[in-house]
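Undergrad: Sharing run.txt here; it has compact mmCIF, C-alpha atoms.
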# COMPACT_ATOMS: atom_id res chain seq x y z
CA MET B 1 13.14 23.32 1.87
CA ILE B 2 15.88 20.77 1.33
CA GLU B 3 18.94 21.91 -0.61
CA THR B 4 19.39 20.35 -4.01
CA PRO B 5 22.61 18.36 -4.38
CA SER B 6 24.69 18.53 -7.53
CA LEU B 7 23.99 15.89 -10.15
CA PHE B 8 27.30 14.09 -9.69
CA SER B 9 27.41 13.89 -5.89
CA ALA B 10 26.23 10.80 -4.01
CA ASP B 11 22.94 12.45 -3.03
CA GLY B 12 22.28 13.47 -6.61
CA LEU B 13 22.84 9.90 -7.74
CA VAL B 14 20.36 8.68 -5.12
CA GLY B 15 17.82 11.13 -6.49
CA LEU B 16 18.44 9.89 -10.03
CA ILE B 17 17.94 6.28 -8.95
CA PHE B 18 14.67 7.25 -7.28
CA LEU B 19 13.44 8.94 -10.47
CA PHE B 20 14.42 5.84 -12.43
CA MET B 21 12.46 3.62 -10.03
CA ILE B 22 9.40 5.86 -10.34
CA VAL B 23 9.54 5.70 -14.14
CA VAL B 24 10.05 1.91 -14.13
CA THR B 25 7.14 1.37 -11.76
CA PHE B 26 4.85 3.66 -13.72
CA CYS B 27 5.67 2.04 -17.06
CA GLY B 28 5.17 -1.42 -15.57
CA GLY B 29 1.84 -0.40 -14.08
CA LEU B 30 0.71 1.11 -17.37
CA LEU B 31 1.64 -2.10 -19.18
CA ALA B 32 -0.15 -4.22 -16.58
CA ALA B 33 -3.34 -2.19 -16.81
CA THR B 34 -3.56 -1.69 -20.56
CA ALA B 35 -1.67 -4.43 -22.46
CA ASP B 36 -3.75 -6.49 -24.87
CA ARG B 37 -2.22 -9.88 -24.15
CA LEU B 38 -2.30 -11.25 -20.64
CA VAL B 39 1.31 -12.41 -20.76
CA ARG B 40 2.43 -8.86 -21.49
CA ALA B 41 0.26 -7.53 -18.68
CA LEU B 42 1.90 -10.04 -16.36
CA SER B 43 5.39 -8.93 -17.43
CA GLY B 44 4.31 -5.36 -16.72
CA LEU B 45 3.18 -6.46 -13.27
CA VAL B 46 6.60 -8.03 -12.58
CA ILE B 47 8.38 -4.83 -13.66
CA CYS B 48 6.01 -2.72 -11.58
CA PHE B 49 6.54 -4.85 -8.44
CA THR B 50 10.32 -4.72 -8.83
CA GLY B 51 10.11 -0.93 -9.03
CA VAL B 52 7.87 -0.85 -5.95
CA ALA B 53 10.54 -2.86 -4.11
CA GLY B 54 13.03 -0.13 -5.02
CA ILE B 55 10.65 2.50 -3.66
CA TYR B 56 10.39 0.55 -0.38
CA TYR B 57 14.17 0.79 -0.17
CA PHE B 58 13.84 4.57 -0.26
CA LEU B 59 11.24 4.34 2.52
CA ASN B 60 13.88 2.99 4.94
CA SER B 61 12.73 -0.60 4.72
CA PRO B 62 15.06 -3.05 2.95
CA PHE B 63 13.17 -5.87 4.71
CA MET B 64 9.91 -4.98 2.95
CA ALA B 65 11.78 -4.58 -0.36
CA MET B 66 13.06 -8.14 -0.03
CA MET B 67 9.61 -9.43 0.93
CA GLN B 68 8.09 -7.63 -2.05
CA ILE B 69 10.46 -9.38 -4.46
CA LEU B 70 10.09 -12.73 -2.69
CA ILE B 71 6.29 -12.81 -2.30
CA TYR B 72 4.99 -10.77 -5.22
CA VAL B 73 7.53 -11.39 -7.97
CA GLY B 74 8.52 -14.85 -6.78
CA ALA B 75 5.18 -16.31 -5.76
CA VAL B 76 2.13 -14.33 -6.88
CA CYS B 77 3.35 -13.56 -10.40
CA VAL B 78 4.50 -17.14 -10.96
CA THR B 79 1.08 -18.38 -9.82
CA ILE B 80 -0.65 -15.98 -12.21
CA SER B 81 1.57 -17.13 -15.05
CA PHE B 82 0.59 -20.75 -14.33
CA ALA B 83 -3.08 -19.74 -14.39
CA ILE B 84 -2.56 -17.99 -17.74
CA MET B 85 -0.94 -21.11 -19.16
CA LEU B 86 -3.67 -23.39 -17.75
CA ALA B 87 -6.79 -21.41 -18.46
CA SER B 88 -6.30 -18.78 -21.08
CA PRO B 89 -5.77 -19.52 -24.72
CA GLU B 90 -5.39 -16.16 -26.43
CA GLN B 91 -8.89 -15.73 -27.69
CA LYS B 92 -9.85 -13.16 -30.22
CA GLN B 93 -11.17 -9.87 -28.92
CA ARG B 94 -14.92 -9.74 -28.96
CA ARG B 95 -16.64 -6.42 -28.66
CA GLY B 96 -19.86 -6.56 -26.70
CA THR B 97 -22.09 -3.66 -25.76
CA GLY B 98 -20.47 -3.38 -22.35
CA SER B 99 -16.88 -3.25 -23.47
CA VAL B 100 -17.22 -0.15 -25.68
CA LEU B 101 -18.12 1.98 -22.70
CA ALA B 102 -15.96 0.16 -20.17
CA GLY B 103 -12.68 1.72 -21.36
CA PRO B 104 -13.61 5.43 -21.23
CA ILE B 105 -15.71 5.07 -18.07
CA GLY B 106 -12.96 3.11 -16.36
CA PHE B 107 -10.41 5.72 -17.39
CA ALA B 108 -12.61 8.52 -16.11
CA VAL B 109 -13.17 6.81 -12.76
CA GLY B 110 -9.47 6.00 -12.35
CA ALA B 111 -8.42 9.55 -13.27
CA LEU B 112 -10.97 11.05 -10.87
CA ILE B 113 -9.80 8.86 -8.00
CA PHE B 114 -6.17 9.73 -8.76
CA ALA B 115 -6.93 13.46 -8.93
CA GLY B 116 -8.98 13.43 -5.74
CA MET B 117 -6.52 11.41 -3.70
CA SER B 118 -3.43 13.30 -4.84
CA GLY B 119 -5.21 16.61 -4.28
CA LEU B 120 -6.03 15.55 -0.74
CA ALA B 121 -2.48 14.28 -0.18
CA LEU B 122 -0.90 17.53 -1.30
CA THR B 123 -3.23 19.97 0.46
CA THR B 124 -3.52 18.25 3.85
CA ASN B 125 -1.25 19.61 6.58
CA TRP B 126 0.34 16.41 7.88
CA GLN B 127 1.53 16.35 11.48
CA GLN B 128 4.93 14.87 12.18
CA PHE B 129 5.86 13.13 15.42
CA ASP B 130 9.16 12.08 16.92
CA LYS B 131 10.15 8.48 16.23
CA ILE B 132 10.21 6.20 19.27
CA ASN B 133 12.33 3.56 17.51
CA GLU B 134 13.99 3.08 14.16
CA GLY B 135 11.83 0.29 12.69
CA SER B 136 14.62 -2.24 12.19
CA VAL B 137 14.05 -5.88 11.33
CA LYS B 138 14.77 -6.87 14.92
CA GLN B 139 12.06 -4.53 16.19
CA ILE B 140 9.59 -5.77 13.56
CA GLY B 141 10.15 -9.33 14.74
CA HIS B 142 9.74 -8.30 18.35
CA GLU B 143 6.47 -6.49 17.63
CA LEU B 144 5.16 -9.40 15.55
CA LEU B 145 5.66 -11.83 18.43
CA THR B 146 4.38 -9.55 21.21
CA THR B 147 1.90 -6.80 20.26
CA TYR B 148 0.67 -8.35 17.02
CA SER B 149 1.01 -12.05 17.92
CA MET B 150 -2.76 -12.66 17.59
CA VAL B 151 -2.88 -11.14 14.09
CA PHE B 152 0.24 -13.09 13.19
CA GLU B 153 -1.44 -16.38 14.15
CA LEU B 154 -4.66 -15.40 12.36
CA ILE B 155 -2.87 -14.53 9.11
CA SER B 156 -1.15 -17.90 9.09
CA LEU B 157 -4.56 -19.54 9.59
CA VAL B 158 -5.96 -17.48 6.69
CA LEU B 159 -3.09 -18.63 4.47
CA LEU B 160 -3.60 -22.27 5.45
CA ILE B 161 -7.33 -22.09 4.70
CA ALA B 162 -6.60 -20.31 1.41
CA ILE B 163 -4.22 -23.07 0.34
CA ILE B 164 -6.68 -25.84 1.23
CA GLY B 165 -9.56 -23.93 -0.37
CA ALA B 166 -7.58 -23.34 -3.56
CA VAL B 167 -6.79 -27.04 -3.87
CA VAL B 168 -10.43 -28.03 -3.22
CA ILE B 169 -11.89 -25.49 -5.68
CA ALA B 170 -9.40 -26.27 -8.44
CA ARG B 171 -9.94 -30.03 -8.03
CA GLY B 172 -13.73 -29.89 -8.23
CA GLY B 173 -15.26 -30.86 -11.57
CA ARG B 174 -12.06 -32.43 -12.77
CA ASN B 175 -13.85 -35.26 -14.57
CA GLN B 176 -15.91 -32.98 -16.79
CA MET O 1 17.20 20.32 -10.16
CA GLN O 2 14.51 20.20 -7.50
CA LEU O 3 13.57 16.79 -8.96
CA LEU O 4 16.61 15.17 -7.35
CA VAL O 5 15.28 15.59 -3.81
CA ILE O 6 11.64 14.61 -4.31
CA HIS O 7 12.29 11.32 -2.56
CA GLN O 8 12.51 13.21 0.72
CA TYR O 9 8.93 14.49 0.59
CA LEU O 10 5.82 12.62 1.72
CA GLY O 11 3.70 14.03 -1.10
CA THR O 12 5.70 12.26 -3.81
CA TYR O 13 4.93 8.84 -2.40
CA LEU O 14 1.26 9.63 -1.74
CA VAL O 15 0.72 10.91 -5.29
CA PHE O 16 2.55 7.90 -6.70
CA GLY O 17 0.47 5.48 -4.62
CA ALA O 18 -2.68 7.25 -5.82
CA MET O 19 -1.46 6.85 -9.39
CA LEU O 20 -0.99 3.10 -9.04
CA PHE O 21 -4.42 2.93 -7.39
CA GLY O 22 -5.99 4.81 -10.32
CA LEU O 23 -4.28 2.50 -12.82
CA GLY O 24 -5.61 -0.49 -10.91
CA ILE O 25 -9.17 0.90 -10.89
CA TYR O 26 -8.95 1.52 -14.64
CA GLY O 27 -7.69 -2.01 -15.29
CA LEU O 28 -10.33 -3.53 -13.04
CA LEU O 29 -13.14 -1.76 -14.90
CA ALA O 30 -11.81 -2.02 -18.46
CA ARG O 31 -10.51 -5.62 -18.50
CA ARG O 32 -12.74 -8.39 -19.79
CA THR O 33 -10.89 -11.46 -18.60
CA LEU O 34 -10.84 -12.63 -15.00
CA ILE O 35 -7.05 -12.95 -14.89
CA GLY O 36 -6.64 -9.38 -16.18
CA MET O 37 -8.93 -8.15 -13.41
CA LEU O 38 -6.86 -10.07 -10.86
CA ILE O 39 -3.66 -8.43 -12.16
CA ALA O 40 -5.33 -5.02 -11.81
CA ALA O 41 -6.35 -5.87 -8.24
CA GLU O 42 -2.69 -6.58 -7.42
CA LEU O 43 -1.87 -3.09 -8.72
CA LEU O 44 -4.47 -1.64 -6.33
CA LEU O 45 -2.87 -3.43 -3.40
CA ALA O 46 0.60 -2.20 -4.40
CA GLY O 47 -0.65 1.41 -4.38
CA VAL O 48 -2.19 0.97 -0.96
CA SER O 49 1.01 -0.58 0.42
CA ILE O 50 3.08 2.35 -0.85
CA ASN O 51 0.72 4.69 1.00
CA PHE O 52 1.11 2.77 4.25
CA MET O 53 4.88 2.60 3.94
CA ALA O 54 5.10 6.34 3.19
CA PHE O 55 3.08 7.26 6.28
CA ASN O 56 5.21 4.80 8.22
CA ARG O 57 8.41 6.49 7.08
CA PHE O 58 7.36 10.10 7.53
CA LEU O 59 4.61 10.43 10.13
CA THR O 60 4.07 7.61 12.62
CA PRO O 61 5.93 7.64 15.94
CA ASP O 62 6.45 3.86 15.75
CA PRO O 63 7.89 2.94 12.33
CA THR O 64 7.33 -0.81 12.75
CA VAL O 65 3.52 -0.52 12.47
CA GLY O 66 3.33 0.41 8.81
CA GLN O 67 5.80 -2.29 7.81
CA ILE O 68 3.82 -4.94 9.68
CA PHE O 69 0.59 -3.72 8.09
CA ALA O 70 2.13 -3.84 4.60
CA LEU O 71 3.40 -7.35 5.38
CA PHE O 72 -0.15 -8.43 6.24
CA ILE O 73 -1.41 -6.84 3.02
CA MET O 74 1.10 -9.03 1.16
CA ALA O 75 -0.11 -12.16 2.94
CA VAL O 76 -3.75 -11.36 2.17
CA ALA O 77 -2.82 -10.62 -1.45
CA ALA O 78 -1.11 -14.00 -1.71
CA ALA O 79 -4.19 -15.74 -0.28
CA GLU O 80 -6.45 -13.76 -2.63
CA ALA O 81 -4.33 -14.68 -5.65
CA ALA O 82 -4.37 -18.38 -4.73
CA ILE O 83 -8.15 -18.50 -4.25
CA GLY O 84 -8.89 -16.25 -7.24
CA LEU O 85 -6.72 -18.25 -9.62
CA SER O 86 -8.18 -21.57 -8.50
CA ILE O 87 -11.64 -20.12 -9.16
CA VAL O 88 -10.41 -19.03 -12.61
CA VAL O 89 -9.22 -22.57 -13.32
CA ALA O 90 -12.55 -24.02 -12.14
CA VAL O 91 -14.52 -21.50 -14.23
CA TYR O 92 -12.41 -22.29 -17.28
CA ARG O 93 -13.18 -25.97 -16.86
CA ARG O 94 -16.90 -25.25 -16.65
CA TYR O 95 -17.30 -22.61 -19.40
CA ARG O 96 -14.17 -23.11 -21.57
CA SER O 97 -13.56 -19.36 -21.24
CA VAL O 98 -12.28 -16.83 -18.73
CA ASP O 99 -14.23 -13.93 -20.21
CA SER O 100 -16.32 -12.24 -17.54
CA GLU O 101 -19.28 -11.89 -19.91
CA ASP O 102 -19.51 -15.60 -20.61
CA MET O 103 -20.53 -16.47 -17.06
CA VAL O 104 -24.25 -16.10 -17.52
CA ASN O 105 -25.76 -18.79 -15.30
CA LEU O 106 -27.06 -16.27 -12.77
CA ASN O 107 -28.39 -13.82 -15.38
CA GLY O 108 -31.99 -12.79 -14.76
Spit out the file's structure as C-alpha cells when you get a sec.

TA:
Amino acid sequence: MIETPSLFSADGLVGLIFLFMIVVTFCGGLLAATADRLVRALSGLVICFTGVAGIYYFLNSPFMAMMQILIYVGAVCVTISFAIMLASPEQKQRRGTGSVLAGPIGFAVGALIFAGMSGLALTTNWQQFDKINEGSVKQIGHELLTTYSMVFELISLVLLIAIIGAVVIARGGRNQ
Amino acid sequence: MQLLVIHQYLGTYLVFGAMLFGLGIYGLLARRTLIGMLIAAELLLAGVSINFMAFNRFLTPDPTVGQIFALFIMAVAAAEAAIGLSIVVAVYRRYRSVDSEDMVNLNG
C-alpha cells in the first residue's frame, strides 16, 4: 500500500491533477458518444483526447502525450470537422425501426464489455518485471530504427497509400 | 484520501481504458450517421492505447515497446480517419445523406 500524501503537498497536487484529467476525459468521451449534434460530439472528442494526453503524461511518456495532441487533436479532429462541414447538414432526427432498439442494446453491450474487462483487470494477478531501460525518447528512436525498422517502413507505406486512396475515393463521382 | 494515489496503480488505468472502450462500443452501435460512428471508433482506439501504455508503464521489462505500439495505433487511426472520411464524402455525393440506413443499394 502506498501512503497517502496530504492534500497540499506536491504529491497530493499531482493526485488532484490526475483526478481532474480522469474527469475531463470521461466527460469528453460521454459527450462524444452521446451528443445529438455531430459538432458537439467532435468537441467532446477533442476534450477527451486532450485528457488522454494528460493521462499519458502520468504514464511516464511526455513524448506520447505530445504525439496525442499533435496527431489526434491537430490532425484527425480537424479532418473530421472538415468532413462534417462538407457532408453533413444537420438533418432532422428520423426514427426508424432499428434506431429504437439500437440505444438500449448498444448501452447494454457497452456496459457488459466494460464490466467484464474491468473485472478481469482487477482480479488478475499481474506479474511485474524489472525494467531493462527507462523508455526515453532517445531509446524509442533507437528501437524504431533497429528492432522495429521494418514496421516503421511499412507504416509509412500504409500512410502513403491511405493518402492516395483518400484523394482517389473523394475525387470519384465529382461531376454528379 | 486514498483517491490521491490512484494514479500509481495499474488497475485505475485498465478500468479507465475499459470505460472508454465501452463508451466507444455504445457510440458505434447507437449512432446513425457515418461520421458519428467514426468518432466512436476513435474513442475505441483511445481506450486501447491507454491499456497498452499502462502495461508499458507498470509491467513490461522494456518500456519502449508499448510506446512504439501506441504510436503505430495512432498512425493506423490517422490512415483510417482519412480513408473513412473520404468514403463519407463520396457517399454523401452519391446519396445526399450520411445516414447509415439510407445506403440501401445492396439490400436484398

Undergrad: Which residue is closest to Ala81 in chain O? Choose from O:Val98, O:Ile68, O:Ile35, O:Leu28 and count only C-alpha atoms.

TA: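 With only C-alpha atoms as the atom set, the closest residue is O:Ile35.
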
Undergrad: Given the choices O:Val91, O:Phe52, O:Ile83, O:Leu106, which gets closest to chain B if the distance is worked out from all atoms listed in the file?

TA: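 Under the stated criterion, the closest residue is O:Ile83.
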
Undergrad: For chain O, which residue among B:Val151, B:Ile164, B:Met66, B:Ile140 is the nearest when counting all atoms listed in the file?

TA: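 Closest to chain O of all the choices is B:Ile140.
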
Undergrad: Just give me the gap between CA of Met19 in chain O and CA of Leu45 in chain B in Å, one decimal is fine.

TA: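 Straight-line distance from CA of Met19 in chain O to CA of Leu45 in chain B works out to 14.6 Å.
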
Undergrad: Rounded to one decimal place, report the CA of Leu86 in chain B-CA of Arg96 in chain O distance in Å.

TA: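 It comes out at 11.2 Å.
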
Undergrad: Could you tell me which of B:Met21, B:Val73, B:Ala33, B:Ser43 comes closest to chain O if we count only C-alpha atoms?

TA: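 That would be B:Ala33, the residue with the smallest distance to chain O.
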
Undergrad: Skipping near chain neighbours, those fewer than 4 positions away, what residues fall within 12 Å of Phe20 in chain B using all atoms listed in the file, listed as a PyMOL selection string?

TA: (chain B and resi 13-16+24-27+50-52+54-55) or (chain O and resi 3-4+7)

Undergrad: Mind running range 30-93 of chain O against range 104-128 of chain B at 9 Å and telling me each contacting residue's nearest atom pair with the distance in Å (one decimal), counting only C-alpha atoms, chain and number ascending, as JSON lines?

TA:
{"residue": "O:Ala30", "atom": "CA", "partner": "B:Gly106", "partner_atom": "CA", "distance": 5.7}
{"residue": "O:Phe58", "atom": "CA", "partner": "B:Gln128", "partner_atom": "CA", "distance": 7.1}
{"residue": "O:Leu59", "atom": "CA", "partner": "B:Gln128", "partner_atom": "CA", "distance": 4.9}
{"residue": "O:Thr60", "atom": "CA", "partner": "B:Gln128", "partner_atom": "CA", "distance": 7.3}
{"residue": "O:Pro61", "atom": "CA", "partner": "B:Gln128", "partner_atom": "CA", "distance": 8.2}

Undergrad: Measuring between only C-alpha atoms, which one of B:Ile22, B:Met64, B:Met85, B:Leu101 shows the shortest distance to Val15 in chain O?

TA: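 Smallest separation from Val15 in chain O among the options: B:Ile22.
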
Undergrad: Give me the residues within 9 Å of Tyr56 in chain B as a list in words, counting only C-alpha atoms and dropping any in the same chain fewer than 3 places off.

TA: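 Non-adjacent residues within range: Gly51, Val52, Ala53, Leu59, Asn60, Ser61, Pro62, Phe63, Met64, Ala65 and Gln68 of chain B; Ile50, Met53 and Ala54 of chain O.
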
Undergrad: Generate the output file for the selected residues, C-alpha atoms, as a CSV table (one decimal), keeping the file's coordinate frame.

TA:
chain,number,residue,atom,x,y,z
B,51,GLY,CA,10.1,-0.9,-9.0
B,52,VAL,CA,7.9,-0.8,-6.0
B,53,ALA,CA,10.5,-2.9,-4.1
B,59,LEU,CA,11.2,4.3,2.5
B,60,ASN,CA,13.9,3.0,4.9
B,61,SER,CA,12.7,-0.6,4.7
B,62,PRO,CA,15.1,-3.0,3.0
B,63,PHE,CA,13.2,-5.9,4.7
B,64,MET,CA,9.9,-5.0,3.0
B,65,ALA,CA,11.8,-4.6,-0.4
B,68,GLN,CA,8.1,-7.6,-2.0
O,50,ILE,CA,3.1,2.4,-0.8
O,53,MET,CA,4.9,2.6,3.9
O,54,ALA,CA,5.1,6.3,3.2

Undergrad: For Glu153 in chain B, which residue out of O:Ile87, O:Asn105, O:Arg32, O:Phe72 is the nearest one, using only C-alpha atoms?

TA: O:Phe72

Undergrad: Work out how far apart CA of Tyr92 in chain O and CA of Val167 in chain B are and give it in Å to one decimal.

TA: 15.3 Å

Undergrad: Kindly list the centre and edge lengths in Å, rounded to one decimal, for the axis-aligned box that covers all listed atoms of range 42-46 of chain O plus 4 Å on each of its six sides, as JSON.

TA:
{"center_x": -1.9, "center_y": -4.1, "center_z": -6.1, "size_x": 13.1, "size_y": 12.9, "size_z": 13.3}

Undergrad: Can you pull out the residues contacting Val5 in chain O? Cut-off 10 Å, using only C-alpha atoms, and skip same-chain residues under 2 positions away; I want them as a VMD selection string.

TA: (chain B and resid 1 to 5 11 to 12 14 to 16 18 to 19) or (chain O and resid 1 to 3 7 to 9)

Undergrad: Hey, what's within 10 Å of Arg31 in chain O if we count all atoms listed in the file and toss same-chain stuff fewer than 5 positions away? As a count of residues only, please?

TA: 16

Undergrad: Please provide the set of residues having any atom within 8 Å of range 77-80 of chain O, restricted to only C-alpha atoms, with same-chain residues fewer than 3 positions apart removed, written as a ChimeraX atom specification.

TA: /B:71-72,75-76,158-159,162-163 /O:42,45,73-74,83-84
